[in-house]
Every structure is written in structure tokens, then in C-alpha cells.
>>> print(open('start11.cif').read())   # mmCIF, C-alpha atoms
data_target
#
loop_
_atom_site.label_atom_id
_atom_site.label_comp_id
_atom_site.auth_asym_id
_atom_site.auth_seq_id
_atom_site.Cartn_x
_atom_site.Cartn_y
_atom_site.Cartn_z
CA MET U 1 0.00 0.00 0.00
CA ALA U 2 1.13 3.53 -0.72
CA ILE U 3 0.60 4.53 2.90
CA ASP U 4 2.95 1.75 4.04
CA ASN U 5 5.63 3.00 1.67
CA TYR U 6 5.22 6.53 2.98
CA TYR U 7 5.71 5.60 6.62
CA MET U 8 8.54 3.19 5.80
CA MET U 9 10.39 6.00 4.02
CA LEU U 10 10.05 8.02 7.24
CA ALA U 11 11.46 5.07 9.18
CA ILE U 12 14.39 4.93 6.76
CA GLU U 13 15.04 8.63 7.35
CA GLU U 14 15.14 7.85 11.06
CA ALA U 15 17.62 5.04 10.43
CA LYS U 16 19.93 7.38 8.53
CA LYS U 17 20.47 9.37 11.73
CA GLY U 18 22.56 6.49 13.08
CA ARG U 19 24.50 5.49 9.97
CA PHE U 20 27.76 7.06 11.19
CA SER U 21 27.60 5.90 14.79
CA THR U 22 26.04 2.41 14.98
CA ARG U 23 28.98 0.31 13.76
CA PRO U 24 29.24 -2.63 13.89
CA ASN U 25 25.47 -2.77 14.38
CA PRO U 26 23.17 -1.98 11.44
CA ALA U 27 21.41 1.37 11.17
CA VAL U 28 17.72 0.85 11.99
CA GLY U 29 14.75 3.21 12.20
CA CYS U 30 11.22 2.78 13.55
CA VAL U 31 8.02 4.78 13.21
CA ILE U 32 4.80 3.92 15.10
CA VAL U 33 1.49 5.04 13.63
CA ASN U 34 -1.94 4.98 15.26
CA ASP U 35 -5.05 6.24 13.48
CA ASN U 36 -2.89 7.91 10.78
CA LEU U 37 -0.88 9.83 13.38
CA ILE U 38 2.80 9.26 14.13
CA VAL U 39 2.89 8.58 17.86
CA GLY U 40 6.50 7.46 18.15
CA SER U 41 9.76 7.37 16.21
CA GLY U 42 13.34 6.44 16.91
CA PHE U 43 16.63 5.11 15.59
CA HIS U 44 19.47 2.96 16.88
CA PRO U 45 22.23 5.45 17.79
CA LYS U 46 25.12 3.23 18.90
CA ALA U 47 26.04 -0.38 19.65
CA GLY U 48 25.11 -1.22 23.23
CA GLU U 49 22.40 1.44 23.41
CA PRO U 50 18.64 0.76 22.96
CA HIS U 51 17.40 -0.20 19.52
CA ALA U 52 15.12 1.90 17.33
CA GLU U 53 11.94 0.11 18.41
CA VAL U 54 12.62 0.85 22.08
CA PHE U 55 13.00 4.59 21.50
CA ALA U 56 9.85 4.68 19.36
CA LEU U 57 7.82 2.71 21.93
CA ARG U 58 9.01 4.95 24.76
CA GLN U 59 7.73 7.94 22.82
CA ALA U 60 4.45 6.28 21.86
CA LYS U 61 3.65 5.03 25.39
CA GLN U 62 0.00 3.90 25.58
CA SER U 63 -0.64 5.05 22.01
CA ALA U 64 1.25 1.98 20.79
CA GLN U 65 -1.81 -0.12 21.70
CA GLY U 66 -3.40 -1.20 18.40
CA ALA U 67 -0.88 0.77 16.36
CA THR U 68 1.28 -0.17 13.36
CA ALA U 69 5.06 -0.20 13.76
CA TYR U 70 7.24 0.38 10.70
CA VAL U 71 10.76 -1.02 11.14
CA THR U 72 13.58 -0.93 8.57
CA LEU U 73 15.06 -4.28 9.67
CA GLU U 74 13.54 -7.37 11.25
CA PRO U 75 13.19 -6.86 15.03
CA CYS U 76 15.74 -8.88 16.97
CA SER U 77 14.55 -11.97 18.83
CA HIS U 78 17.61 -12.66 20.99
CA THR U 79 19.01 -11.05 24.11
CA GLY U 80 22.40 -9.44 23.52
CA LYS U 81 23.47 -6.16 25.03
CA THR U 82 19.79 -5.19 24.91
CA PRO U 83 16.53 -7.18 25.31
CA PRO U 84 14.79 -8.55 22.19
CA CYS U 85 12.82 -5.91 20.31
CA ALA U 86 10.26 -8.42 19.04
CA ARG U 87 9.28 -9.03 22.67
CA ALA U 88 9.03 -5.28 23.35
CA LEU U 89 6.69 -4.84 20.37
CA ILE U 90 4.52 -7.72 21.55
CA GLU U 91 4.26 -6.34 25.08
CA SER U 92 3.40 -2.86 23.77
CA GLY U 93 0.19 -4.13 22.19
CA VAL U 94 0.87 -3.09 18.59
CA ALA U 95 -1.53 -4.74 16.17
CA ARG U 96 0.67 -4.76 13.07
CA VAL U 97 4.38 -4.62 12.22
CA VAL U 98 5.67 -3.66 8.77
CA VAL U 99 9.27 -4.70 8.13
CA ALA U 100 11.47 -3.62 5.21
CA GLY U 101 13.74 -6.66 5.20
CA LEU U 102 14.71 -9.77 7.12
CA ASP U 103 17.85 -9.80 9.24
CA PRO U 104 20.38 -12.27 7.78
CA ASN U 105 22.16 -12.50 11.13
CA PRO U 106 21.99 -16.20 12.14
CA LYS U 107 20.93 -15.11 15.64
CA VAL U 108 17.78 -13.57 14.14
CA GLY U 109 17.13 -15.29 10.81
CA GLY U 110 13.35 -14.86 10.70
CA ARG U 111 12.85 -15.65 14.38
CA GLY U 112 11.74 -12.10 15.11
CA ILE U 113 9.00 -12.35 12.51
CA ALA U 114 7.96 -15.74 13.87
CA MET U 115 7.69 -14.37 17.43
CA LEU U 116 5.44 -11.55 16.27
CA LYS U 117 3.17 -13.85 14.31
CA GLU U 118 2.92 -16.33 17.16
CA ALA U 119 1.71 -13.47 19.34
CA GLY U 120 -1.10 -12.77 16.88
CA ILE U 121 0.46 -9.66 15.37
CA GLU U 122 -0.07 -9.07 11.66
CA VAL U 123 3.30 -8.85 9.88
CA THR U 124 4.10 -7.45 6.44
CA VAL U 125 7.63 -7.91 5.04
CA GLY U 126 9.31 -6.30 2.02
CA VAL U 127 8.03 -2.72 2.07
CA GLY U 128 10.89 -0.41 1.03
CA GLU U 129 13.32 -3.32 1.14
CA SER U 130 15.80 -2.09 -1.48
CA GLN U 131 15.98 1.42 -0.01
CA ALA U 132 16.50 0.08 3.50
CA ALA U 133 19.13 -2.40 2.31
CA GLN U 134 21.26 0.42 0.88
CA LEU U 135 21.77 1.72 4.42
CA ASN U 136 23.31 -1.54 5.61
CA ALA U 137 24.99 -2.96 2.53
CA GLY U 138 28.03 -4.07 4.52
CA PHE U 139 26.15 -5.67 7.39
CA LEU U 140 23.83 -7.56 5.06
CA LYS U 141 26.66 -8.82 2.83
CA ALA U 142 28.85 -9.84 5.76
CA MET U 143 26.07 -11.79 7.46
CA ARG U 144 25.37 -13.67 4.22
CA THR U 145 28.87 -14.20 2.81
CA LYS U 146 31.40 -13.49 5.62
CA MET U 147 32.88 -10.82 3.33
CA PRO U 148 32.60 -7.05 3.77
CA TYR U 149 31.19 -4.52 1.32
CA VAL U 150 34.19 -2.89 -0.37
CA ARG U 151 34.18 0.68 -1.66
CA LEU U 152 37.19 1.74 -3.72
CA LYS U 153 37.65 5.51 -3.60
CA ILE U 154 39.74 7.27 -6.23
CA ALA U 155 40.40 11.00 -6.68
CA THR U 156 41.33 11.67 -10.28
CA SER U 157 41.90 14.37 -12.85
CA LEU U 158 39.98 14.67 -16.10
CA ASP U 159 42.68 12.64 -17.82
CA GLY U 160 42.50 9.81 -15.29
CA ARG U 161 45.57 10.68 -13.23
CA THR U 162 45.78 10.45 -9.46
CA ALA U 163 49.22 11.81 -8.55
CA MET U 164 52.29 13.39 -10.05
CA ALA U 165 55.22 11.17 -11.00
CA SER U 166 56.89 12.18 -7.73
CA GLY U 167 53.91 10.81 -5.78
CA GLU U 168 52.55 14.25 -4.91
CA SER U 169 48.74 14.07 -4.73
CA LYS U 170 47.58 16.70 -2.19
CA TRP U 171 45.16 17.96 -3.24
CA ILE U 172 43.58 17.03 -6.57
CA THR U 173 40.02 17.60 -5.35
CA GLY U 174 38.60 20.54 -3.41
CA PRO U 175 37.39 20.91 0.20
CA ALA U 176 33.77 19.93 -0.51
CA ALA U 177 34.78 16.62 -2.08
CA ARG U 178 37.21 15.89 0.74
CA GLU U 179 34.44 16.55 3.24
CA ASP U 180 32.30 13.99 1.45
CA VAL U 181 35.13 11.47 1.82
CA GLN U 182 34.84 12.02 5.57
CA ALA U 183 31.30 10.64 5.35
CA LEU U 184 32.61 7.58 3.48
CA ARG U 185 35.18 7.03 6.22
CA ALA U 186 32.54 7.42 8.92
CA MET U 187 30.50 4.66 7.25
CA SER U 188 33.50 2.32 7.18
CA GLY U 189 34.74 -0.15 9.75
CA ALA U 190 38.18 -0.15 8.16
CA ILE U 191 40.25 1.85 5.69
CA ILE U 192 42.76 -0.07 3.60
CA THR U 193 45.77 1.69 2.13
CA GLY U 194 49.19 0.76 0.81
CA SER U 195 52.66 1.38 2.16
CA GLN U 196 53.49 3.65 -0.79
CA THR U 197 50.56 5.93 0.03
CA VAL U 198 51.72 6.13 3.63
CA ILE U 199 55.26 6.98 2.48
CA ASP U 200 54.12 9.56 -0.08
CA ASP U 201 51.34 11.32 1.85
CA ASP U 202 51.62 10.32 5.54
CA PRO U 203 47.79 10.40 5.77
CA SER U 204 45.87 10.26 9.06
CA LEU U 205 42.98 8.25 7.54
CA ASN U 206 40.66 9.21 10.39
CA VAL U 207 37.24 10.79 10.75
CA ARG U 208 37.64 14.39 11.87
CA SER U 209 34.63 16.10 10.31
CA THR U 210 32.26 18.18 12.43
CA GLN U 211 29.64 18.27 9.67
CA LEU U 212 28.24 14.75 9.85
CA GLY U 213 25.21 15.63 11.93
CA VAL U 214 26.43 13.61 14.90
CA GLU U 215 28.86 14.42 17.68
CA GLN U 216 32.35 13.55 16.54
CA GLU U 217 33.16 11.51 19.63
CA ARG U 218 30.20 9.20 18.88
CA VAL U 219 31.64 8.17 15.51
CA PRO U 220 33.82 5.04 15.89
CA GLN U 221 37.17 5.62 14.21
CA PRO U 222 37.70 3.17 11.32
CA LYS U 223 40.47 0.65 11.73
CA VAL U 224 43.47 1.41 9.50
CA VAL U 225 44.93 -1.49 7.52
CA VAL U 226 48.23 -0.98 5.69
CA LEU U 227 49.33 -3.42 2.99
CA ASP U 228 53.07 -3.73 3.50
CA ARG U 229 54.28 -6.95 1.91
CA ARG U 230 57.89 -5.77 1.77
CA ARG U 231 57.81 -4.49 5.37
CA ARG U 232 58.88 -1.03 4.29
CA LEU U 233 57.30 0.73 7.27
CA GLN U 234 59.10 -1.06 10.07
CA GLY U 235 60.67 1.40 12.49
CA SER U 236 59.02 4.46 10.90
CA ASP U 237 56.87 7.08 12.63
CA TYR U 238 54.07 7.77 10.13
CA GLN U 239 50.72 8.97 11.52
CA VAL U 240 48.85 5.71 10.99
CA LEU U 241 51.52 3.82 12.89
CA GLN U 242 50.91 5.94 15.99
CA ARG U 243 47.50 4.27 16.35
CA GLN U 244 47.49 1.12 18.47
CA ASP U 245 44.77 -0.56 16.40
CA THR U 246 46.48 -0.19 13.00
CA LEU U 247 46.84 -3.55 11.27
CA ILE U 248 49.92 -4.13 9.10
CA TRP U 249 49.10 -6.82 6.54
CA SER U 250 52.13 -8.42 4.91
CA GLN U 251 50.40 -11.27 3.11
CA THR U 252 49.29 -11.22 -0.53
CA ASP U 253 45.80 -12.72 -0.30
CA LEU U 254 43.32 -9.83 -0.23
CA SER U 255 40.33 -12.15 0.15
CA GLN U 256 41.86 -13.57 3.30
CA LEU U 257 42.36 -10.06 4.62
CA LEU U 258 38.71 -9.18 4.03
CA GLN U 259 37.53 -12.39 5.68
CA THR U 260 39.78 -11.66 8.64
CA LEU U 261 38.32 -8.18 9.04
CA VAL U 262 34.80 -9.61 9.24
CA ARG U 263 35.64 -12.56 11.46
CA ASP U 264 38.08 -10.97 13.92
CA TYR U 265 37.13 -7.29 13.95
CA GLN U 266 33.43 -7.12 12.98
CA VAL U 267 34.30 -4.90 10.03
CA TYR U 268 31.47 -5.01 7.51
CA ASP U 269 32.22 -1.93 5.37
CA VAL U 270 35.68 -1.36 3.93
CA LEU U 271 36.97 1.77 2.21
CA VAL U 272 40.07 1.39 0.04
CA GLU U 273 42.04 4.64 -0.14
CA ALA U 274 45.28 3.75 -1.86
CA GLY U 275 47.44 4.20 -4.90
CA SER U 276 47.03 2.74 -8.35
CA GLN U 277 48.79 -0.53 -7.55
CA VAL U 278 46.54 -1.45 -4.61
CA ALA U 279 43.43 -0.17 -6.40
CA GLY U 280 44.25 -2.32 -9.40
CA SER U 281 44.84 -5.37 -7.21
CA PHE U 282 41.37 -5.11 -5.67
CA LEU U 283 39.76 -4.75 -9.09
CA LYS U 284 41.78 -7.60 -10.56
CA ALA U 285 40.60 -9.86 -7.72
CA ASN U 286 36.96 -8.81 -8.31
CA LEU U 287 36.66 -7.63 -4.71
CA VAL U 288 35.17 -4.19 -5.37
CA ASP U 289 31.46 -3.72 -4.71
CA GLU U 290 31.42 0.00 -5.38
CA LEU U 291 33.81 2.34 -7.21
CA VAL U 292 33.64 5.93 -5.94
CA VAL U 293 35.42 8.34 -8.27
CA TYR U 294 35.94 11.99 -7.38
CA GLN U 295 36.80 13.74 -10.62
CA ALA U 296 38.47 17.14 -10.47
CA PRO U 297 38.33 19.61 -13.40
CA CYS U 298 42.07 19.52 -14.03
CA VAL U 299 44.58 17.83 -16.33
CA LEU U 300 47.79 16.39 -14.88
CA GLY U 301 49.41 15.11 -18.07
CA ASN U 302 50.84 11.82 -19.26
CA LYS U 303 53.76 11.75 -16.80
CA ALA U 304 51.37 11.65 -13.84
CA LYS U 305 50.36 8.36 -12.24
CA PRO U 306 47.30 6.53 -13.66
CA MET U 307 44.12 5.72 -11.75
CA LEU U 308 44.85 2.00 -11.79
CA MET U 309 47.64 -0.43 -12.44
CA LEU U 310 45.74 -3.17 -14.20
CA ASP U 311 46.98 -5.29 -17.09
CA VAL U 312 44.36 -5.44 -19.82
CA ASP U 313 45.58 -6.73 -23.18
CA ASN U 314 42.36 -6.58 -25.20
CA LEU U 315 38.79 -5.29 -25.02
CA ALA U 316 37.46 -8.69 -24.05
CA GLU U 317 39.27 -8.35 -20.70
CA GLN U 318 37.91 -4.93 -19.86
CA ARG U 319 36.11 -4.28 -16.58
CA ARG U 320 32.79 -2.52 -17.12
CA PHE U 321 30.73 -0.72 -14.50
CA LYS U 322 27.27 0.75 -14.31
CA LEU U 323 26.89 4.33 -13.14
CA VAL U 324 24.51 4.46 -10.17
CA SER U 325 24.80 8.07 -9.03
CA VAL U 326 26.33 11.45 -9.88
CA ALA U 327 26.71 14.37 -7.49
CA GLN U 328 28.64 17.62 -7.53
CA PHE U 329 30.77 18.84 -4.63
CA GLY U 330 32.19 22.28 -5.29
CA GLU U 331 33.86 22.01 -8.68
CA ASP U 332 34.33 18.25 -8.42
CA LEU U 333 32.07 15.39 -9.45
CA ARG U 334 31.42 12.23 -7.46
CA LEU U 335 30.68 9.30 -9.74
CA VAL U 336 29.56 6.07 -8.09
CA TYR U 337 29.77 2.85 -10.07
CA GLN U 338 28.97 -0.78 -9.37
CA PRO U 339 30.44 -3.70 -11.32
CA TYR U 340 28.29 -5.77 -13.58
CA THR U 341 27.79 -9.07 -11.80
CA ASP U 342 26.76 -11.17 -14.78
CA SER U 343 30.01 -10.71 -16.71
CA LEU U 344 33.12 -8.57 -16.90
CA THR U 345 31.83 -6.88 -20.01
CA SER U 346 28.49 -5.61 -21.22
CA ASN U 347 27.55 -4.47 -24.68
#
>>> encode(input="start11.cif", output="C-alpha cells")
Amino acid sequence: MAIDNYYMMLAIEEAKKGRFSTRPNPAVGCVIVNDNLIVGSGFHPKAGEPHAEVFALRQAKQSAQGATAYVTLEPCSHTGKTPPCARALIESGVARVVVAGLDPNPKVGGRGIAMLKEAGIEVTVGVGESQAAQLNAGFLKAMRTKMPYVRLKIATSLDGRTAMASGESKWITGPAAREDVQALRAMSGAIITGSQTVIDDDPSLNVRSTQLGVEQERVPQPKVVVLDRRRRLQGSDYQVLQRQDTLIWSQTDLSQLLQTLVRDYQVYDVLVEAGSQVAGSFLKANLVDELVVYQAPCVLGNKAKPMLMLDVDNLAEQRRFKLVSVAQFGEDLRLVYQPYTDSLTSN
């Protein structure tokens, strides 16, 4: 029903309020409606704090009786750091629950829906599912595949160059684009870079923005992972090495690294901010879920470093992507692509 879509979109807007602070938990929103009036709303702000349904029910109070609850992800059925939300909804007396999508977490896995139905509550699943899933792409993928959602970020000139031959790359893009990168970092459980980038730029790779709409101290800092197969950084004092949680990865298997990040560190969203060699390696291994290109209106010339180091001998080996969004930040463009999943090429 159109009315269900309307209220679910409001619940998704609630969920967005927690997208920078909930890691490793998914961002979830809830709206409670009684007699066409919103009587409660809430979102999950941070792991360990109450879930979205709890905040919405607290606001609704007695008005939850006979109401409809719109939730962007299946209510949890297990007791973790907080009590099960499915139980809270049952005890509140809501008559109906509309859910965008099921939780693939094995601890939930449809049990929340089953609890609600067993209590006599009408349940509708699938309203606004694709929009809600975009908020938690990493969580959903990791629960299903044990692999994180990987975003490869590249800042490039009009002629596809990312740095001068000397390695100098600060700054190709302007302040507005760099501020948008802060949002990408805030969404990420880990940032992967290469030793050459650390040597060339000595980046901090942290979240330091004050424009995210959430207090900076509530944003978990992403874990920094440095690919250093030749152990070039040993004994150095670069910024990322001053952090106790920085992971130096000296092995060659990138898939193993990604699996390790999910299994050992609960990292579900990964941002790759690295040079052309590392970027090409991720693409070659077909490990990129999303390519985020910030294109600056400048030309760096043929001596500058290319976007990617990737051996392609003929057109049949090309990697093709579909453009999913375009946005302008200052004078720069942000182009977001996703790989075609059916084949490497598309005509």
C-alpha cells in the first residue's frame, strides 16, 4: 500500500540518523502510527544502546496499543546487550508490524517475525526493502557471505591521473569533495591503504569532520589497515603507525584479509584509499562492490600516475561498470559505479 511505503520512508530517514555511529550494528529506524498519526519514532544510535523500536515505543507510550510499527530491519529476537525488540513490540500491544527486510544474522534469521506472528500480530515484510538495504549494505553482505562490502575511492583528474610522477597528490580535489570522503570514512569499519601511500602522503585516515550531523566523539574511528608486503614501514613514525589498532598486513591474499576483518574485527564496510597498484589489485581480484570516483576539473598530463595499475591486453578483458549516481561537490564530481555481476563486459 502507498501509505505503508510513505511511513517506511520516514522510518528509513530515522535510520539514517545512526549510519555514522552504529557500527558494527546496522542502522535501523522505527516509526509507530496509530489512526494515521505518528505517535512514536526512533533510531538505533550506537552499539550497546537501545534499539530503534525501544526509542519509538518509549515515545508512543499507551498510544502503541493497536498501532502499526514500521521497522527498517527485522526486530531482533535474541538477548544481547539489549533485550529482544520483538518481545518489546509484543508487550506494547501493537496490532501490526511492517518490516522492510529480514535480518540475515543467524541469531535472528526470521525468528523475530515468527515471534510476532505467534503473538497474533499481523506482519508485512518487504516494504521499502531495497531502499533500506542500501543503508546496511556491509552488514547484510557480511552476514550472508562473511565478506565485507568494499568501496574503492579514487580521486582523479579529467585525464585519469591520481598523482604526479613524484607521488605528490595533495590535493587534486577541493574541500567539498574531501568533506564527502569524511562521510565515506565514517561509514566504514576499516580503511585499507598501501605502504606507498603512507610513504608519499603520511595520511591520518581518520574521521575528523564536524559536519556529519552527529557528535564527533560518537563516531567510531575506522580501523586502518596498511598493505606492506615488503615491510617497508618497520621502524618508521608515520601517523597511521601511531594508532594502536592499525593492522599491518604483509600477506598477498586480499580475500583472506577481508575475511579476517569480518571474522576478527566485525568490520562489515571497507573503504580502500590507496594508490594505483593497490586499487588495481582489488579490481583484478573482483573484490570491489562500489567504485567511488571523485573527478576534479584539471589535467595532470601523461607523466602523472594513472588511476589504476591493471593489465588489460584486449577489449574482451575490460572491466565494465554501471553508473549508479552522480553528485557535484564544489567544482568536483562524485561518480559512483557498481560492477556488472553477470560478466566482466556488457555491450
>>> axis_aligned_box(input="start11.cif", around="range 136-145 of chain U", padding_each_side="3 Å", output="AutoDock Vina command-line options")
--center_x 26.1 --center_y -7.9 --center_z 5.0 --size_x 11.6 --size_y 18.7 --size_z 10.9
>>> residues_around(input="start11.cif", residues="Ile199 in chain U", least_positions_apart="2", cutoff="10 Å", atoms="all atoms listed in the file", output="PDB file with C-alpha atoms, keeping the file's coordinate frame")
ATOM      1  CA  GLY U 167      53.910  10.810  -5.780  1.00  0.00           C
ATOM      2  CA  GLY U 194      49.190   0.760   0.810  1.00  0.00           C
ATOM      3  CA  SER U 195      52.660   1.380   2.160  1.00  0.00           C
ATOM      4  CA  GLN U 196      53.490   3.650  -0.790  1.00  0.00           C
ATOM      5  CA  THR U 197      50.560   5.930   0.030  1.00  0.00           C
ATOM      6  CA  ASP U 201      51.340  11.320   1.850  1.00  0.00           C
ATOM      7  CA  ASP U 202      51.620  10.320   5.540  1.00  0.00           C
ATOM      8  CA  PRO U 203      47.790  10.400   5.770  1.00  0.00           C
ATOM      9  CA  ARG U 232      58.880  -1.030   4.290  1.00  0.00           C
ATOM     10  CA  LEU U 233      57.300   0.730   7.270  1.00  0.00           C
ATOM     11  CA  SER U 236      59.020   4.460  10.900  1.00  0.00           C
ATOM     12  CA  TYR U 238      54.070   7.770  10.130  1.00  0.00           C
TER      13      TYR U 238
END
>>> residues_near_point(input="start11.cif", point="(14.4, 0.3, 17.3)", cutoff="6 Å", atoms="only C-alpha atoms", output="number ranges by chain")
U: 29-30, 43-44, 51-54
>>> closest_residue(input="start11.cif", among="U:Thr156, U:Gln182, U:Thr124, U:Gln328", to="Gly301 in chain U", atoms="only C-alpha atoms")
U:Thr156
>>> resolve_selection(input="start11.cif", expression="the PyMOL selection byres ((chain U and resi 334-343) around 8)", output="list in words")
Ala177, Val288, Asp289, Glu290, Leu291, Val292, Val293, Tyr294, Gln295, Arg319, Arg320, Phe321, Lys322, Leu323, Val324, Ser325, Val326, Ala327, Gln328, Phe329, Asp332, Leu333, Leu344, Thr345 and Ser346 of chain U
>>> residues_around(input="start11.cif", residues="range 104-117 of chain U", least_positions_apart="4", cutoff="12 Å", atoms="only C-alpha atoms", output="ChimeraX atom specification")
/U:25-26,69,71,73-80,84-100,121-125,133,136-146
>>> resolve_selection(input="start11.cif", expression="the PyMOL selection byres ((chain U and resi 250) around 10)", output="short mmCIF file (atom, residue, chain, number, x, y, z; two decimals) with C-alpha atoms, in the frame of the given file")
data_model
loop_
_atom_site.label_atom_id
_atom_site.label_comp_id
_atom_site.auth_asym_id
_atom_site.auth_seq_id
_atom_site.Cartn_x
_atom_site.Cartn_y
_atom_site.Cartn_z
CA VAL U 226 48.23 -0.98 5.69
CA LEU U 227 49.33 -3.42 2.99
CA ASP U 228 53.07 -3.73 3.50
CA ARG U 229 54.28 -6.95 1.91
CA ARG U 230 57.89 -5.77 1.77
CA ARG U 231 57.81 -4.49 5.37
CA LEU U 247 46.84 -3.55 11.27
CA ILE U 248 49.92 -4.13 9.10
CA TRP U 249 49.10 -6.82 6.54
CA GLN U 251 50.40 -11.27 3.11
CA THR U 252 49.29 -11.22 -0.53
CA ASP U 253 45.80 -12.72 -0.30
CA LEU U 257 42.36 -10.06 4.62
#
>>> residues_around(input="start11.cif", residues="Met187 in chain U", least_positions_apart="6", cutoff="9 Å", atoms="only C-alpha atoms", output="ChimeraX atom specification")
/U:19-21,23,222,269-271
>>> closest_residue(input="start11.cif", among="U:Leu308, U:Leu102, U:Ile32, U:Leu241", to="Asp4 in chain U", atoms="only C-alpha atoms")
U:Ile32
>>> closest_residue(input="start11.cif", among="U:Lys16, U:Leu135, U:Gly101, U:Ser63", to="Asn36 in chain U", atoms="all atoms listed in the file")
U:Ser63
>>> closest_residue(input="start11.cif", among="U:Ala60, U:Val278, U:Ala47, U:Leu158", to="Leu300 in chain U", atoms="only C-alpha atoms")
U:Leu158
>>> atom_distance(input="start11.cif", atom1="CA of Pro45 in chain U", atom2="CA of Val214 in chain U")
9.6 Å
>>> atom_distance(input="start11.cif", atom1="CA of Ala186 in chain U", atom2="CA of Gln256 in chain U")
23.6 Å
